[in-house]
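Notes follow the structure.
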Amino acid sequence: MSRLVYVLNGPNLNLLGKRQPHIYGHETLADVERDCQVLAAELGLQIRFHQSNRECEIIDWIHQARETAGGIVINPAAFTHTSVAILDALNTFDAPVIEVHISNVHKREEFRHRSFVSLRADGVIAGLGTQGYQLALRRLARLIDEKAA
Ligand code: DQA
């Protein structure tokens, strides 16, 4: 299985570090990407790290991943709670998908408790801060290794 992993981020995550730091922390998305790249090298993964405020762009990256990737880590941000289109795109992807949320969405407003993406995700990490991305990458590396064995 391919050792390429897409790490996809939804709307407003470009403002990470500035946006509601009491909820999302002080790290920027560039910090998260750097930490993911360092860990990926350690795990023998290659990553494509993207963020968009547009649903269509996220869907296009999922379609690209279909052709090339061994897994997807996705923080769909607000699209988590609204997007049947992202769910449908993920349903066309055959390899593992891990959903990540920096905050514990279950501790927050009720509308954040529902996730369309969770209907497809093989695992969900919420409330572990930006460390959730690292844990998701470790899990994907394990699944890819197991499949290759
Ligand atoms: C989020 C949680 C979502 O409810 C919210 O809309 C986000 C970020 C998180 O990482 O905790 O933008 O996905």
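In the structure tokens, each chain is lettered A, B, ... as it comes, each chain's residues begin at 1, and ligands are numbered from 1 in order of appearance.
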(request) Go through segment 27-61 of chain A and collect every residue that DSSP, computed from the backbone, puts in strand (DSSP E); the answer should be as a list in words. (result) Gln46, Ile47, Arg48, Phe49, His50 and Gln51 of chain A
(message) Hey, which residues sit close to ligand 1? Say within 8 Å, counting only C-alpha atoms and all ligand atoms, and write them as a ChimeraX atom specification.
(response) /A:10-13,23-24,75-81,100-105,112,126-127,129
Generate a file of the selected residues that holds N, CA, C and O atoms, formatted as a PDB file, in the first residue's frame.
```pdb
ATOM      1  N   GLY A  10      -9.904  21.799   7.061  1.00  0.00           N
ATOM      2  CA  GLY A  10     -11.019  22.593   6.565  1.00  0.00           C
ATOM      3  C   GLY A  10     -10.980  24.052   6.976  1.00  0.00           C
ATOM      4  O   GLY A  10      -9.942  24.570   7.406  1.00  0.00           O
ATOM      5  N   PRO A  11     -12.119  24.720   6.851  1.00  0.00           N
ATOM      6  CA  PRO A  11     -12.202  26.171   6.965  1.00  0.00           C
ATOM      7  C   PRO A  11     -11.774  26.729   8.324  1.00  0.00           C
ATOM      8  O   PRO A  11     -12.022  26.122   9.358  1.00  0.00           O
ATOM      9  N   ASN A  12     -11.125  27.866   8.240  1.00  0.00           N
ATOM     10  CA  ASN A  12     -10.679  28.669   9.393  1.00  0.00           C
ATOM     11  C   ASN A  12      -9.449  28.096  10.091  1.00  0.00           C
ATOM     12  O   ASN A  12      -8.885  28.757  10.966  1.00  0.00           O
ATOM     13  N   LEU A  13      -9.019  26.910   9.683  1.00  0.00           N
ATOM     14  CA  LEU A  13      -7.824  26.341  10.329  1.00  0.00           C
ATOM     15  C   LEU A  13      -6.550  27.058   9.868  1.00  0.00           C
ATOM     16  O   LEU A  13      -5.509  26.931  10.510  1.00  0.00           O
ATOM     17  N   ILE A  23      -9.499  27.776  22.904  1.00  0.00           N
ATOM     18  CA  ILE A  23     -10.081  26.498  22.447  1.00  0.00           C
ATOM     19  C   ILE A  23      -9.061  25.707  21.629  1.00  0.00           C
ATOM     20  O   ILE A  23      -8.899  24.502  21.818  1.00  0.00           O
ATOM     21  N   TYR A  24      -8.376  26.404  20.701  1.00  0.00           N
ATOM     22  CA  TYR A  24      -7.547  25.683  19.725  1.00  0.00           C
ATOM     23  C   TYR A  24      -6.041  25.776  19.989  1.00  0.00           C
ATOM     24  O   TYR A  24      -5.260  25.152  19.270  1.00  0.00           O
ATOM     25  N   ASN A  75      -9.145  16.910   9.249  1.00  0.00           N
ATOM     26  CA  ASN A  75      -9.883  17.753  10.185  1.00  0.00           C
ATOM     27  C   ASN A  75     -10.783  18.634   9.322  1.00  0.00           C
ATOM     28  O   ASN A  75     -10.344  19.671   8.816  1.00  0.00           O
ATOM     29  N   PRO A  76     -12.017  18.211   9.123  1.00  0.00           N
ATOM     30  CA  PRO A  76     -12.888  18.953   8.199  1.00  0.00           C
ATOM     31  C   PRO A  76     -13.417  20.258   8.796  1.00  0.00           C
ATOM     32  O   PRO A  76     -14.163  20.975   8.142  1.00  0.00           O
ATOM     33  N   ALA A  77     -13.053  20.537  10.065  1.00  0.00           N
ATOM     34  CA  ALA A  77     -13.510  21.756  10.767  1.00  0.00           C
ATOM     35  C   ALA A  77     -15.036  21.834  10.684  1.00  0.00           C
ATOM     36  O   ALA A  77     -15.708  20.825  10.865  1.00  0.00           O
ATOM     37  N   ALA A  78     -15.584  23.005  10.376  1.00  0.00           N
ATOM     38  CA  ALA A  78     -17.050  23.148  10.409  1.00  0.00           C
ATOM     39  C   ALA A  78     -17.753  22.243   9.394  1.00  0.00           C
ATOM     40  O   ALA A  78     -18.919  21.866   9.595  1.00  0.00           O
ATOM     41  N   PHE A  79     -17.041  21.855   8.306  1.00  0.00           N
ATOM     42  CA  PHE A  79     -17.672  20.963   7.317  1.00  0.00           C
ATOM     43  C   PHE A  79     -17.989  19.582   7.916  1.00  0.00           C
ATOM     44  O   PHE A  79     -18.810  18.847   7.364  1.00  0.00           O
ATOM     45  N   THR A  80     -17.326  19.249   9.013  1.00  0.00           N
ATOM     46  CA  THR A  80     -17.621  18.006   9.732  1.00  0.00           C
ATOM     47  C   THR A  80     -19.124  17.851   9.947  1.00  0.00           C
ATOM     48  O   THR A  80     -19.680  16.759   9.786  1.00  0.00           O
ATOM     49  N   HIS A  81     -19.724  18.975  10.341  1.00  0.00           N
ATOM     50  CA  HIS A  81     -21.097  18.957  10.841  1.00  0.00           C
ATOM     51  C   HIS A  81     -22.135  19.232   9.749  1.00  0.00           C
ATOM     52  O   HIS A  81     -23.323  19.230  10.023  1.00  0.00           O
ATOM     53  N   VAL A 100      -9.775  13.995  12.736  1.00  0.00           N
ATOM     54  CA  VAL A 100      -9.129  14.659  13.885  1.00  0.00           C
ATOM     55  C   VAL A 100      -9.861  15.964  14.200  1.00  0.00           C
ATOM     56  O   VAL A 100     -10.198  16.726  13.281  1.00  0.00           O
ATOM     57  N   HIS A 101     -10.089  16.196  15.481  1.00  0.00           N
ATOM     58  CA  HIS A 101     -10.541  17.504  15.958  1.00  0.00           C
ATOM     59  C   HIS A 101      -9.637  17.938  17.094  1.00  0.00           C
ATOM     60  O   HIS A 101      -9.364  17.144  18.013  1.00  0.00           O
ATOM     61  N   ILE A 102      -9.180  19.157  17.013  1.00  0.00           N
ATOM     62  CA  ILE A 102      -8.269  19.685  18.035  1.00  0.00           C
ATOM     63  C   ILE A 102      -9.012  19.792  19.370  1.00  0.00           C
ATOM     64  O   ILE A 102      -8.495  19.423  20.423  1.00  0.00           O
ATOM     65  N   SER A 103     -10.225  20.314  19.320  1.00  0.00           N
ATOM     66  CA  SER A 103     -11.033  20.471  20.535  1.00  0.00           C
ATOM     67  C   SER A 103     -11.895  19.224  20.745  1.00  0.00           C
ATOM     68  O   SER A 103     -12.090  18.424  19.819  1.00  0.00           O
ATOM     69  N   ASN A 104     -12.394  19.103  21.969  1.00  0.00           N
ATOM     70  CA  ASN A 104     -13.340  18.010  22.243  1.00  0.00           C
ATOM     71  C   ASN A 104     -14.739  18.468  21.834  1.00  0.00           C
ATOM     72  O   ASN A 104     -15.456  19.111  22.605  1.00  0.00           O
ATOM     73  N   VAL A 105     -15.104  18.104  20.615  1.00  0.00           N
ATOM     74  CA  VAL A 105     -16.378  18.581  20.049  1.00  0.00           C
ATOM     75  C   VAL A 105     -17.581  18.129  20.888  1.00  0.00           C
ATOM     76  O   VAL A 105     -18.615  18.795  20.897  1.00  0.00           O
ATOM     77  N   ARG A 112     -22.126  20.517  17.227  1.00  0.00           N
ATOM     78  CA  ARG A 112     -20.807  19.928  16.939  1.00  0.00           C
ATOM     79  C   ARG A 112     -20.751  18.441  17.283  1.00  0.00           C
ATOM     80  O   ARG A 112     -19.758  17.772  17.031  1.00  0.00           O
ATOM     81  N   ALA A 126     -10.464  13.403  19.172  1.00  0.00           N
ATOM     82  CA  ALA A 126     -10.996  14.733  19.493  1.00  0.00           C
ATOM     83  C   ALA A 126     -10.520  15.148  20.872  1.00  0.00           C
ATOM     84  O   ALA A 126     -10.485  14.333  21.800  1.00  0.00           O
ATOM     85  N   GLY A 127     -10.134  16.408  20.983  1.00  0.00           N
ATOM     86  CA  GLY A 127      -9.837  16.965  22.300  1.00  0.00           C
ATOM     87  C   GLY A 127      -8.405  16.761  22.760  1.00  0.00           C
ATOM     88  O   GLY A 127      -8.072  17.113  23.895  1.00  0.00           O
ATOM     89  N   GLY A 129      -5.859  18.242  21.345  1.00  0.00           N
ATOM     90  CA  GLY A 129      -5.070  19.356  20.806  1.00  0.00           C
ATOM     91  C   GLY A 129      -4.449  18.961  19.474  1.00  0.00           C
ATOM     92  O   GLY A 129      -4.882  18.004  18.815  1.00  0.00           O
TER      93      GLY A 129
END
```
(request) Would you work out the distance separating atom CA of Leu143 of chain A from atom CA of Phe116 of chain A, expressed in Å to one decimal? (result)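 Computing the Euclidean distance for atom CA of Leu143 of chain A and atom CA of Phe116 of chain A yields 22.8 Å.
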(request) Write out as a list in words which residues come within 12 Å of Ile47 of chain A when counting only C-alpha atoms, dropping same-chain ones fewer than 5 positions away. (result)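 After dropping sequence-adjacent residues, the list is Ser2, Arg3, Leu4, Val5, Tyr6, Val7, Leu8, Glu33, Arg34, Asp35, Cys36, Gln37, Val38, Leu39, Ala40, Ala41, Glu42, Ala65, Thr68, Ala69, Gly70, Gly71, Ile72, Val73, Tyr133, Leu137, Leu140 and Ala141 of chain A.
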(message) One number please: atom CA of Thr28 of chain A to atom CA of Asp88 of chain A, in Å, one decimal.
(response) 29.3 Å
(request) Between atom CA of Asp122 of chain A and atom CA of Arg138 of chain A, measure the distance and give it in Å to one decimal. (result)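 Taking atom CA of Asp122 of chain A as the start and atom CA of Arg138 of chain A as the end point, the length is 13.7 Å.
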(message) When you count only C-alpha atoms, which of these residues is closest to Leu45 of chain A: A:Asp145, A:Val32, A:Pro21, A:Glu27?
(response) A:Asp145
(request) Can you list, as a PyMOL selection string, all residues belonging to segment 43-83 of chain A that DSSP tags as alpha helix (DSSP H)? (result) chain A and resi 43+55-68
